[in-house]
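> Please find one structure pasted underneath; my questions will follow.
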Amino acid sequence: MAWIRARLAGSERPGSLGLVAAPPLTRRRALALGAAAGLSSAVSVAVPGASSARPAAAAARGFGLRVGPGAFARRGRTTAVLRAPARFDLLGVRGGDRVSLGLEVRVRRAARGGAWSPWVPLGAGHHHRPDTGTGAHASDPVWAGGADELQLRAARRPAGVLEVRFVAVPAAARRRVAPAARAAQAGAPPAIIPRAAWGGDGVTPRAAPDFGDVQVAFVHHTVSANDYAPEDSAGIVLAMAKYHRDTNGWNDLGYNFVVDKYGQIFEGRAGGIDQAVIGAQAQGYNSHSTGIANIGTFTDVGQTDAALDAMAKLIAWKLPLHGAPVTGQIVLTSGGGDLNRYKSGTPVTLQRISGHRDGDATECPGTALYAQLPELRRRAAAIAPAAPIASVALAMDAPTATVVYGAALALSGTLRRADGSAIAGQPVLVQKQGTSGWVTVARTTSADDGSWSASVAWRAAGRVRARAAVTGSAAAATQGIQVGCTPLLVAKARTTRVKAGRSLPVSGTVRPLAPVVVTIEKQGSDGRFRKVGTTTIRPRRARFSTNVKLGRPGLYRLTPRTGSGAAEAAAAALYVRAVRRTPSARTGSSGGTGAGGGTSAGGATGAGGGTAAGA
């Protein structure tokens with residue numbers, strides 16, 4: 001996140017060419033955008049000397065400004081002076097061709113005679129995905145610290161409309177909430193400023209958090225100014241959270257923790273500081289890491305001793321809490337992504353304390369801070385507990401081999417410690433293997449006796465497993481077990497009687513989508529049905545239709561089937577009688593074939609490529 005500070009000086013009148021002001025986002029509407037229930041921190045750490053109560057009127061406010069191509073000078077690449085709908089503390093830009101424009105921004109506080117800030121690049125802003133989001137791909141946020149006017153500059157004139165998104169931080173959030181020093185306590189977290197203290201309760205997560213494990217701590221920087229005051233930090237964190245949720249469309253603030261140069265540690269993404277909450281901070285590795293962002297830019301200057309000490313204490317508590325050491329290396333499997341250094345499925349060796357650039361194609365956390373990581377590792381190792389990693393036993397009972405499409409797959413198992421004692425009240429995740437790794441499809445909690453159970457609506461064959469990350473222990477996962485999916489096939493004929501040589505319309509539905517083979521049998525004089533042909537339907541959607549031509553008089557049985565082996569499904573047989581035609585009918589049309597193709601049961605081959613034998 002970049003920083004631009006408005007200086008006090010003269011002002012200019014704003015231009016309005018090509019501008020359409022978006023309506024301000026009211027507090028009610030802002031809360032409605034994030035109305036999905038989220039979880040607050042499971043551990044609330046007291047902050048001596050600071051109020052942990054939710055500040056009055058502490059909700060950040062978001063609003064926008066649409067900037068059309070006409071706002072840029074005809075022969076230049078800079079807009080006229082743009083007045084924001086209201087005072088703002090942070091801004092970013094989104095738009096179709098934003099990345100290729102090389103956009104820069106500067107701001108000023110014209111109402112107080114402020115001078116223009118320096119020009120600041122609007123970064124790509126998508127190094128942290130994936131996470132649930134809108135896909136708008138907005139720029140990195142830029143901290144302005146209270147401005148009301150801006151200008152944009154581009155390498156070329158944009159072809160379409162750009163949208164500037166603003167965040168205004170309430171005055172109640174711009175105050176010092178630094179924790180006071182306290183004696184170290186073995187196994188206890190360092191002093192952490194909870195979400196309620198910086199206004200995070202007003203940025204409700206879009207959805208409940210996802211949980212993974214913590215094998216690595218990734219260190220980031222926010223690309224903002226290094227000359228902020230202690231009382232600025234809470235507002236910066238609040239503005240980032242609002243921008244990440246509402247402009248990026250993420251669930252919540254991307255980082256798990258935020259640290260400032262004064263050694264203040266802020267709780268980031270909701271879900272519990274002691275939980276393995278999956279953030280949006282290191283693309284391809286979010287499920288196995290925690291992300292710590294440093295407020296500031298550390299390309300040329302290093303982080304302060306106070307911040308390094310704070311991060312060392314945080315990591316020395318956080319990693320062992322989840323059964324991981326703070327030293328050495330770990331091999332993770334890359335989840336891929338457009339900015340990942342490694343394609344999906346690649347084994348990647350990482351330090352337990354890594355920089356963001358170690359996994360993704362970015363300069364984060366800055367060259368100077370990256371050079372300080374060996375010292376950060378040394379400090380963390382010096383205070384980390386030496387207790388061995390405990391182990392847990394997670395078991396899953398063998399599920400049924402196959403499930404009918406849409407039906408519930410019942411799963412159960414137990415969660416116990418190494419000594420056999422039950423682990424109660426522990427989240428257990430049910431995961432299914434997808435193209436980019438294991439995806440959580442159900443959540444449950446272990447009972448008092450350590451047992452757990454869950455059900456999943458099954459709509460495709462795949463491997464399923466259970467996973468649990470128990471505090472103080474290494475994450476445990478069961479072996480993946482393959483479960484098939486029996487298709488759900490329904491078919492019907494339009495009529496039960498048709499003239500010989502005419503086509504019989506057959507329709508139905510198949511889920512999941514798969515080819516349907518219709519076996520055509522004709523009854524012989526001995527009463528037995530014998531196969532006379534087949535036709536294959538390759539539907540493009542769940543609902544299908546085709547025409548089957550019945551060439552000779554007699555009773556026919558049509559049986560649609562799909563799938564194979566244990567996952568084969570057959571619809572109820574369709575019985576249709578083909579009756580003799582009148583002389584005029586024999587010389588008339590024999591009927592058409594549908595989109596699925598048809599097969600003649602009297603020796604002809606339909607457009608669908610089926611074969612038929614004479615009866």
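Ordered as shown in the structure tokens, chains take letters A, B, and onward, while each chain numbers its residues from 1 and ligands are numbered from 1 in the order shown.
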Give me, as a list in words, all polymer residues having an atom no more than 8 Å from A:Thr402, counting only C-alpha atoms and skipping those fewer than 4 positions away in the same chain.

Ala461, Val483, Gly484, Cys485, Thr486, Ala566 and Ala567 of chain A

> Could those selected residues go to a file with C-alpha atoms, as a short mmCIF file (atom, residue, chain, number, x, y, z; two decimals), in the first residue's frame?


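Result file follows (part10.cif):
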```
data_model
loop_
_atom_site.label_atom_id
_atom_site.label_comp_id
_atom_site.auth_asym_id
_atom_site.auth_seq_id
_atom_site.Cartn_x
_atom_site.Cartn_y
_atom_site.Cartn_z
CA ALA A 461 -16.72 -38.43 -8.01
CA VAL A 483 -15.90 -41.98 -3.63
CA GLY A 484 -17.81 -42.50 -6.87
CA CYS A 485 -20.90 -40.63 -8.01
CA THR A 486 -23.76 -42.59 -9.55
CA ALA A 566 -20.07 -49.21 -10.28
CA ALA A 567 -21.20 -45.71 -11.25
#
```

> Just want the 7 Å neighbourhood of A:Ala393, counted on only C-alpha atoms, with same-chain residues fewer than 6 positions away dropped. Output as a list in words.

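Result of the neighbour search: Leu415, Arg416, Arg417 and Ala418 of chain A.
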
> If we count only C-alpha atoms, what is near stretch 524-530 of chain A at a cut-off of 9 Å, once residues fewer than 6 positions away on the same chain are taken out, given as JSON, numbers by chain?

{"A": [554, 555, 556, 557, 615]}

> Determine, for each residue of stretch 155-252 of chain A having at least one atom at most 9 Å from an atom of stretch 422-441 of chain A, the closest pair of atoms and their separation in Å to one decimal, counting only C-alpha atoms; order by chain and ascending number, as JSON lines.


```
{"residue": "A:Asp210", "atom": "CA", "partner": "A:Thr440", "partner_atom": "CA", "distance": 8.1}
{"residue": "A:Phe211", "atom": "CA", "partner": "A:Leu429", "partner_atom": "CA", "distance": 8.1}
{"residue": "A:Gly212", "atom": "CA", "partner": "A:Leu429", "partner_atom": "CA", "distance": 8.7}
```

> Determine the nearest neighbour of A:Met396 from the options A:Arg352, A:Lys531, A:Arg112, A:Arg465, counting only C-alpha atoms.

A:Arg465
